[in-house]
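K.L.:
Below are the structure tokens for one structure; questions will follow.
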Amino acid sequence: MLRLSSRPARSIIVIAIVALGGWFLFDREHAPQATTASEAAVDENGGVTLDSVQTGALGLQTEAAVAATTMPISGLPAEVAPPLDSSARIAAPYAGVVTRILRDEGDVVAKGDALVRIQSRELLSAQAELVRARSDAIAVLQQAERNELLLKEGIIAASRNEESRARAAAAEAALQQAEGALSGLRTVAGGVPGEYELLAPIAGQVLRRRVVPGQAVAALEETYAVAAPGSLDLMFSVPVSSRSRVAPGMQVRLPDGSSGSVVAVGADTDRASQRLRVRARAEDDRGLVAGQHIELTLLAPAPTDSIGVPTAALITEGDGHVLYVLAGKTYRAVRVERLGGDRQQAIVRGDVRAGDQVVVQGASALKPLLAAE
């Protein structure tokens with residue numbers, strides 16, 4: 001153990017201790033005394049005035065309230081769908097058996113490209129009907145032309161000529177019907193009898209293939225779905241109570257921040273869910289895939305007297321909500337009605353105006369001091 005035996009060493013230690021003690025007392029006397037929120041007085045109107053030191057100690061921060069023009073309705077489940085006006089579902093016009101797949105899902109096709117080959121007994125009958133209709137039309141038209149000449153020469157009555165013209169018109173209609181039945185397909189040159197190819201009616205991308213080789217398909221059964229590139233539709237529903245607030249042209253916000261607009265609102269409710277069907281169009285299909293399920297936000301018009309505040313500023317108190325508003329250096333609690341909103345902004349109505357500074361951080365420290373008006 002070290003022993004201080006010299007008298008000068010002891011003197012130096014005593015002087016150091018005295019100096020430290022004096023500095024400590026001086027520091028206590030001259031250091032600024034921090035005030036606390038508990039020392040703040042509540043005025044007769046229920047507000048509390050805080051100085052800058054108290055405000056900093058409580059960590060209070062404010063932001064300005066804004067006039068609300070839209071009221072977000074968030075968390076609406078939606079399904080991404082092919083665009084209604086630029087997509088097509090291709091059905092087999094005649095029953096048969098799939099012999100070959102020519103285009104698969106994801107393939108880009110041009111209008112008129114062959115998608116699938118089908119062998120059909122019904123096609124043979126349709127081709128025979130077309131031949132008969134074409135032959136009948138030629139014969140009846142020739143007869144109508146002869147009768148027209150005979151009528152001019154006065155050999156036949158006008159009624160007979162009219163009958164021949166009527167038969168010619170009927171034969172022409174039958175021919176058009178037979179030709180229309182074979183439109184949208186192409187018979188396979190050099191293939192087996194009754195084999196035809198289904199053609200893409202529009203240019204785009206194959207979204208879905210519903211057939212496989214060897215599959216028997218019925219007449220008018222869907223085989224392919226094709227959609228043109230570009231925007232996609234968003235199908236969702238809203239409560240019936242929101243009917244008056246939803247209209248074409250309203251904006252929707254997607255999870256990735258992109259937007260779209262409402263293009264159609266159902267005129268009746270879904271029987272199962274009792275909700276209104278709504279269709280919106282995404283402005284950009286980036287990151288979206290037909291059939292995908294997402295959640296979107298509908299930006300409905302806000303009431304004229306509503307105010308938008310950061311959601312973090314809203315304090316739950318009982319069954320209602322409270323905002324802490326700063327005027328000068330005085331804070332007061334204001335009870336408000338929450339009308340809607342999302343995670344970023346709450347739409348409220350109460351004794352708050354656009355431009356008022358509302359507390360967005362440290363509000364919990366004010367709660368014991370302020371009573372809601």
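Chain identifiers are assigned as A, B, and so on, following the order in which chains appear in the structure tokens; residues are numbered from 1 within each chain, and ligands are numbered from 1 in order of appearance.
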Name the residues in contact with A:Ala346 at a cut-off of 12 Å, using only C-alpha atoms, excluding same-chain residues fewer than 3 positions from it; report them as a PyMOL selection string.

P.N.:
chain A and resi 65-68+70-74+302+306-315+321-323+336-343+349

K.L.:
Deliver the residues from the most recent selection as a file, using N, CA and C atoms, as a compact mmCIF listing (two decimals), in the first residue's frame.

P.N.:
```txt
# COMPACT_ATOMS: atom_id res chain seq x y z
N ALA A 65 -51.97 21.65 -40.42
CA ALA A 65 -53.14 20.98 -40.98
C ALA A 65 -53.44 21.57 -42.35
N VAL A 66 -54.05 20.79 -43.22
CA VAL A 66 -54.34 21.24 -44.58
C VAL A 66 -55.81 21.02 -44.89
N ALA A 67 -56.33 21.79 -45.82
CA ALA A 67 -57.70 21.58 -46.28
C ALA A 67 -57.76 20.28 -47.07
N ALA A 68 -58.69 19.41 -46.75
CA ALA A 68 -58.79 18.10 -47.38
C ALA A 68 -59.65 18.19 -48.64
N THR A 70 -59.57 15.25 -50.84
CA THR A 70 -59.94 13.85 -51.04
C THR A 70 -59.88 13.12 -49.70
N MET A 71 -60.66 12.07 -49.60
CA MET A 71 -60.66 11.26 -48.40
C MET A 71 -60.31 9.82 -48.77
N PRO A 72 -59.14 9.33 -48.42
CA PRO A 72 -58.73 7.98 -48.80
C PRO A 72 -59.60 6.92 -48.13
N ILE A 73 -60.04 5.95 -48.94
CA ILE A 73 -60.68 4.73 -48.43
C ILE A 73 -59.71 3.60 -48.74
N SER A 74 -58.94 3.20 -47.74
CA SER A 74 -57.83 2.28 -47.97
C SER A 74 -58.21 0.84 -47.65
N ALA A 302 -63.67 14.62 -50.28
CA ALA A 302 -63.82 14.90 -48.85
C ALA A 302 -64.92 15.93 -48.62
N SER A 306 -63.90 19.47 -43.99
CA SER A 306 -62.95 18.52 -43.40
C SER A 306 -61.52 19.02 -43.54
N ILE A 307 -60.66 18.52 -42.66
CA ILE A 307 -59.26 18.93 -42.59
C ILE A 307 -58.39 17.67 -42.61
N GLY A 308 -57.25 17.77 -43.29
CA GLY A 308 -56.30 16.66 -43.33
C GLY A 308 -55.15 16.92 -42.37
N VAL A 309 -54.86 15.94 -41.53
CA VAL A 309 -53.75 16.03 -40.58
C VAL A 309 -52.95 14.73 -40.66
N PRO A 310 -51.66 14.75 -40.30
CA PRO A 310 -50.92 13.49 -40.26
C PRO A 310 -51.59 12.51 -39.29
N THR A 311 -51.66 11.27 -39.69
CA THR A 311 -52.31 10.26 -38.84
C THR A 311 -51.64 10.17 -37.48
N ALA A 312 -50.33 10.43 -37.42
CA ALA A 312 -49.61 10.37 -36.14
C ALA A 312 -50.07 11.43 -35.16
N ALA A 313 -50.74 12.48 -35.66
CA ALA A 313 -51.19 13.55 -34.76
C ALA A 313 -52.47 13.19 -34.02
N LEU A 314 -53.18 12.17 -34.48
CA LEU A 314 -54.47 11.83 -33.92
C LEU A 314 -54.31 10.94 -32.69
N ILE A 315 -54.89 11.38 -31.57
CA ILE A 315 -54.81 10.64 -30.31
C ILE A 315 -56.19 10.08 -29.98
N HIS A 321 -61.53 11.01 -30.82
CA HIS A 321 -60.15 11.34 -31.13
C HIS A 321 -59.88 12.79 -30.75
N VAL A 322 -58.61 13.06 -30.45
CA VAL A 322 -58.19 14.38 -29.99
C VAL A 322 -56.95 14.81 -30.77
N LEU A 323 -56.88 16.12 -31.06
CA LEU A 323 -55.68 16.73 -31.62
C LEU A 323 -55.16 17.76 -30.63
N VAL A 336 -62.06 15.93 -32.13
CA VAL A 336 -62.43 15.94 -33.54
C VAL A 336 -63.12 14.63 -33.90
N GLU A 337 -63.82 14.67 -35.02
CA GLU A 337 -64.46 13.47 -35.57
C GLU A 337 -63.62 12.96 -36.74
N ARG A 338 -63.22 11.71 -36.65
CA ARG A 338 -62.44 11.15 -37.76
C ARG A 338 -63.40 10.64 -38.82
N LEU A 339 -63.25 11.16 -40.05
CA LEU A 339 -64.13 10.78 -41.15
C LEU A 339 -63.55 9.65 -42.00
N GLY A 340 -62.23 9.53 -42.00
CA GLY A 340 -61.57 8.50 -42.81
C GLY A 340 -60.09 8.77 -42.87
N GLY A 341 -59.45 8.17 -43.84
CA GLY A 341 -58.02 8.38 -44.02
C GLY A 341 -57.26 7.08 -44.19
N ASP A 342 -55.95 7.18 -44.19
CA ASP A 342 -55.09 6.02 -44.34
C ASP A 342 -53.93 6.14 -43.35
N ARG A 343 -52.84 5.41 -43.62
CA ARG A 343 -51.71 5.40 -42.68
C ARG A 343 -50.97 6.73 -42.67
N ARG A 349 -62.94 16.35 -38.72
CA ARG A 349 -63.81 17.51 -38.71
C ARG A 349 -63.95 17.98 -37.27
```

K.L.:
Applying 9 Å and only C-alpha atoms, which residues near A:Ala137 remain after dropping the ones on its own chain fewer than 6 positions away? List them as a compact mmCIF listing (two decimals) with N, CA and C atoms, in the first residue's frame.

P.N.:
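Wrote part_29.txt, looks like this:
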```txt
# COMPACT_ATOMS: atom_id res chain seq x y z
N ARG A 167 -85.87 -14.58 -103.81
CA ARG A 167 -85.10 -15.82 -103.64
C ARG A 167 -83.60 -15.54 -103.72
N ALA A 168 -83.21 -14.62 -104.57
CA ALA A 168 -81.80 -14.27 -104.69
C ALA A 168 -81.30 -13.62 -103.40
N ALA A 169 -82.11 -12.76 -102.81
CA ALA A 169 -81.70 -12.12 -101.55
C ALA A 169 -81.58 -13.15 -100.43
N ALA A 170 -82.51 -14.12 -100.38
CA ALA A 170 -82.44 -15.16 -99.35
C ALA A 170 -81.22 -16.04 -99.54
N ALA A 171 -80.91 -16.36 -100.78
CA ALA A 171 -79.74 -17.19 -101.05
C ALA A 171 -78.45 -16.44 -100.68
N GLU A 172 -78.43 -15.13 -100.94
CA GLU A 172 -77.25 -14.34 -100.59
C GLU A 172 -77.08 -14.28 -99.07
N ALA A 173 -78.18 -14.16 -98.33
CA ALA A 173 -78.09 -14.15 -96.87
C ALA A 173 -77.61 -15.49 -96.33
N ALA A 174 -78.09 -16.59 -96.93
CA ALA A 174 -77.63 -17.91 -96.51
C ALA A 174 -76.15 -18.09 -96.77
N LEU A 175 -75.68 -17.55 -97.89
CA LEU A 175 -74.26 -17.65 -98.22
C LEU A 175 -73.42 -16.85 -97.20
```

K.L.:
Suppose you want the space between atom CA of A:Ser244 and atom CA of A:Ala280; what is it in Å?

P.N.:
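Distance reported for this atom pair: 16.8 Å.
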
K.L.:
Extract, using only C-alpha atoms, all DNA, RNA and protein residues at most 6 Å from stretch 143-149 of chain A, discarding same-chain residues fewer than 4 positions from it, and format them as an NGL selection string.

P.N.:
:A and (161 or 164-165)

K.L.:
Measuring between only C-alpha atoms, which one of A:Leu130, A:Thr316, A:Leu296, A:Leu370 shows the shortest distance to A:Tyr331?

P.N.:
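That would be A:Leu370, the residue with the smallest distance to A:Tyr331.
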
K.L.:
So that I can check the surroundings of A:Ala200, please list as JSON, numbers by chain every protein, DNA and RNA residue that reaches within 12 Å of it, counting only C-alpha atoms and ignoring chain neighbours fewer than 4 positions away.

P.N.:
{"A": [87, 88, 89, 90, 91, 92, 102, 103, 107, 108, 109, 110, 111, 112, 113, 114, 115, 116, 183, 184, 185, 186, 204, 205, 206, 223, 224, 225, 226, 227, 228]}

K.L.:
Go ahead and write the residues just picked, C-alpha atoms, as a PDB file, in the first residue's frame.

P.N.:
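part.pdb written:
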```
ATOM      1  CA  SER A  87     -58.799  -8.226 -74.594  1.00  0.00           C
ATOM      2  CA  ALA A  88     -60.427 -11.232 -76.233  1.00  0.00           C
ATOM      3  CA  ARG A  89     -61.432 -14.741 -75.293  1.00  0.00           C
ATOM      4  CA  ILE A  90     -61.275 -17.127 -78.235  1.00  0.00           C
ATOM      5  CA  ALA A  91     -63.850 -19.919 -78.370  1.00  0.00           C
ATOM      6  CA  ALA A  92     -63.897 -22.937 -80.656  1.00  0.00           C
ATOM      7  CA  LEU A 102     -49.308 -23.484 -81.792  1.00  0.00           C
ATOM      8  CA  ARG A 103     -49.078 -20.710 -79.154  1.00  0.00           C
ATOM      9  CA  ASP A 107     -46.379 -15.682 -76.273  1.00  0.00           C
ATOM     10  CA  VAL A 108     -46.771 -12.427 -78.177  1.00  0.00           C
ATOM     11  CA  VAL A 109     -49.039 -12.827 -81.202  1.00  0.00           C
ATOM     12  CA  ALA A 110     -50.095 -10.665 -84.127  1.00  0.00           C
ATOM     13  CA  LYS A 111     -53.650 -10.391 -85.348  1.00  0.00           C
ATOM     14  CA  GLY A 112     -54.422 -13.421 -87.500  1.00  0.00           C
ATOM     15  CA  ASP A 113     -51.743 -15.692 -86.007  1.00  0.00           C
ATOM     16  CA  ALA A 114     -52.805 -19.313 -85.566  1.00  0.00           C
ATOM     17  CA  LEU A 115     -53.211 -20.396 -81.939  1.00  0.00           C
ATOM     18  CA  VAL A 116     -54.360 -24.035 -82.035  1.00  0.00           C
ATOM     19  CA  SER A 183     -64.691 -16.764 -90.180  1.00  0.00           C
ATOM     20  CA  GLY A 184     -62.128 -16.577 -87.415  1.00  0.00           C
ATOM     21  CA  LEU A 185     -60.584 -19.874 -88.474  1.00  0.00           C
ATOM     22  CA  ARG A 186     -58.435 -21.197 -91.258  1.00  0.00           C
ATOM     23  CA  GLY A 204     -51.239  -8.926 -77.908  1.00  0.00           C
ATOM     24  CA  GLN A 205     -50.022 -11.490 -75.426  1.00  0.00           C
ATOM     25  CA  VAL A 206     -51.512 -14.877 -74.654  1.00  0.00           C
ATOM     26  CA  THR A 223     -59.625 -22.044 -75.679  1.00  0.00           C
ATOM     27  CA  TYR A 224     -57.428 -18.943 -75.288  1.00  0.00           C
ATOM     28  CA  ALA A 225     -57.426 -15.478 -73.715  1.00  0.00           C
ATOM     29  CA  VAL A 226     -55.398 -12.726 -75.386  1.00  0.00           C
ATOM     30  CA  ALA A 227     -54.901  -9.130 -74.210  1.00  0.00           C
ATOM     31  CA  ALA A 228     -53.317  -6.158 -75.900  1.00  0.00           C
TER      32      ALA A 228
END
```

K.L.:
Please provide as a ChimeraX atom specification all residues within 12 Å of A:Glu295, with the sequence filter that same-chain residues fewer than 5 positions apart are discarded (counting only C-alpha atoms).

P.N.:
/A:73-80,234-237,252-257

K.L.:
Write the residues of the preceding selection, restricted to C-alpha atoms, as a short mmCIF file (atom, residue, chain, number, x, y, z; two decimals), in the first residue's frame.

P.N.:
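So the final result, stored in selection-v1.cif, reads:
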```cif
data_model
loop_
_atom_site.label_atom_id
_atom_site.label_comp_id
_atom_site.auth_asym_id
_atom_site.auth_seq_id
_atom_site.Cartn_x
_atom_site.Cartn_y
_atom_site.Cartn_z
CA ILE A 73 -60.68 4.73 -48.43
CA SER A 74 -57.83 2.28 -47.97
CA GLY A 75 -57.48 -1.48 -47.73
CA LEU A 76 -59.87 -2.30 -50.59
CA PRO A 77 -59.14 -5.81 -51.99
CA ALA A 78 -58.84 -5.73 -55.78
CA GLU A 79 -58.13 -8.18 -58.57
CA VAL A 80 -56.07 -7.25 -61.60
CA LEU A 234 -58.68 -3.28 -61.36
CA MET A 235 -61.85 -4.96 -60.08
CA PHE A 236 -62.94 -4.17 -56.51
CA SER A 237 -66.04 -3.41 -54.46
CA VAL A 252 -57.20 5.14 -57.00
CA ARG A 253 -53.75 4.62 -55.49
CA LEU A 254 -51.88 1.31 -55.77
CA PRO A 255 -49.42 -0.17 -53.22
CA ASP A 256 -46.39 0.77 -55.34
CA GLY A 257 -47.46 4.41 -55.44
#
```

K.L.:
Check the smallest atom-to-atom distance from each of A:Thr297, A:Thr269, A:Ser261, A:Thr99 to A:Arg243 using only C-alpha atoms, then report the winner.

P.N.:
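Ranking A:Thr297, A:Thr269, A:Ser261, A:Thr99 by distance to A:Arg243, first place goes to A:Thr269.
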
K.L.:
In Å, with one decimal, what is the gap from atom CA of A:Gln61 to atom CA of A:Arg353?

P.N.:
18.1 Å

K.L.:
According to DSSP computed on the backbone, where in stretch 91-303 of chain A is there strand (DSSP E or B)? Give the residues as number ranges by chain.

P.N.:
A: 91, 96-101, 108-109, 114-119, 185-187, 195-199, 204-209, 216-217, 222-227, 233-239, 251-253, 259-269, 275-282, 293-301

K.L.:
Can you pull out the residues contacting A:Ala267? Cut-off 10 Å, using only C-alpha atoms, and skip same-chain residues under 4 positions away; I want them as a PyMOL selection string.

P.N.:
chain A and resi 243+276-278

K.L.:
What residues in stretch 55-276 of chain A get the DSSP label helix (DSSP H, G or I)? Please answer as a ChimeraX atom specification.

P.N.:
/A:55-58,84-86,121-152,158-181,240-245

K.L.:
What gap, in Å, lies between atom CA of A:Val217 and atom CA of A:Pro229?

P.N.:
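Calculated distance between atom CA of A:Val217 and atom CA of A:Pro229 is 28.2 Å.
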
K.L.:
Choose the residue, out of A:Gly96, A:Gly362, A:Gly355, A:Pro368, that has the smallest atom-to-atom separation from A:Glu63; count only C-alpha atoms.

P.N.:
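With only C-alpha atoms as the atom set, the closest residue is A:Gly355.
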
K.L.:
Write out as a PyMOL selection string which residues come within 10 Å of A:Ser273 when counting only C-alpha atoms, dropping same-chain ones fewer than 6 positions away.

P.N.:
chain A and resi 237-240

K.L.:
Export C-alpha atoms of the chosen residues as a PDB file, in the first residue's frame?

P.N.:
```pdb
ATOM      1  CA  SER A 237     -66.044  -3.411 -54.463  1.00  0.00           C
ATOM      2  CA  VAL A 238     -67.165  -0.779 -51.978  1.00  0.00           C
ATOM      3  CA  PRO A 239     -69.895  -0.715 -49.317  1.00  0.00           C
ATOM      4  CA  VAL A 240     -73.351   0.293 -50.507  1.00  0.00           C
TER       5      VAL A 240
END
```

K.L.:
Using only C-alpha atoms, pick whichever of A:Ala158, A:Ile118, A:Ala264, A:Leu232 has the shortest atom-to-atom distance to A:Val192.

P.N.:
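For A:Val192, the nearest of the candidates is A:Ile118.
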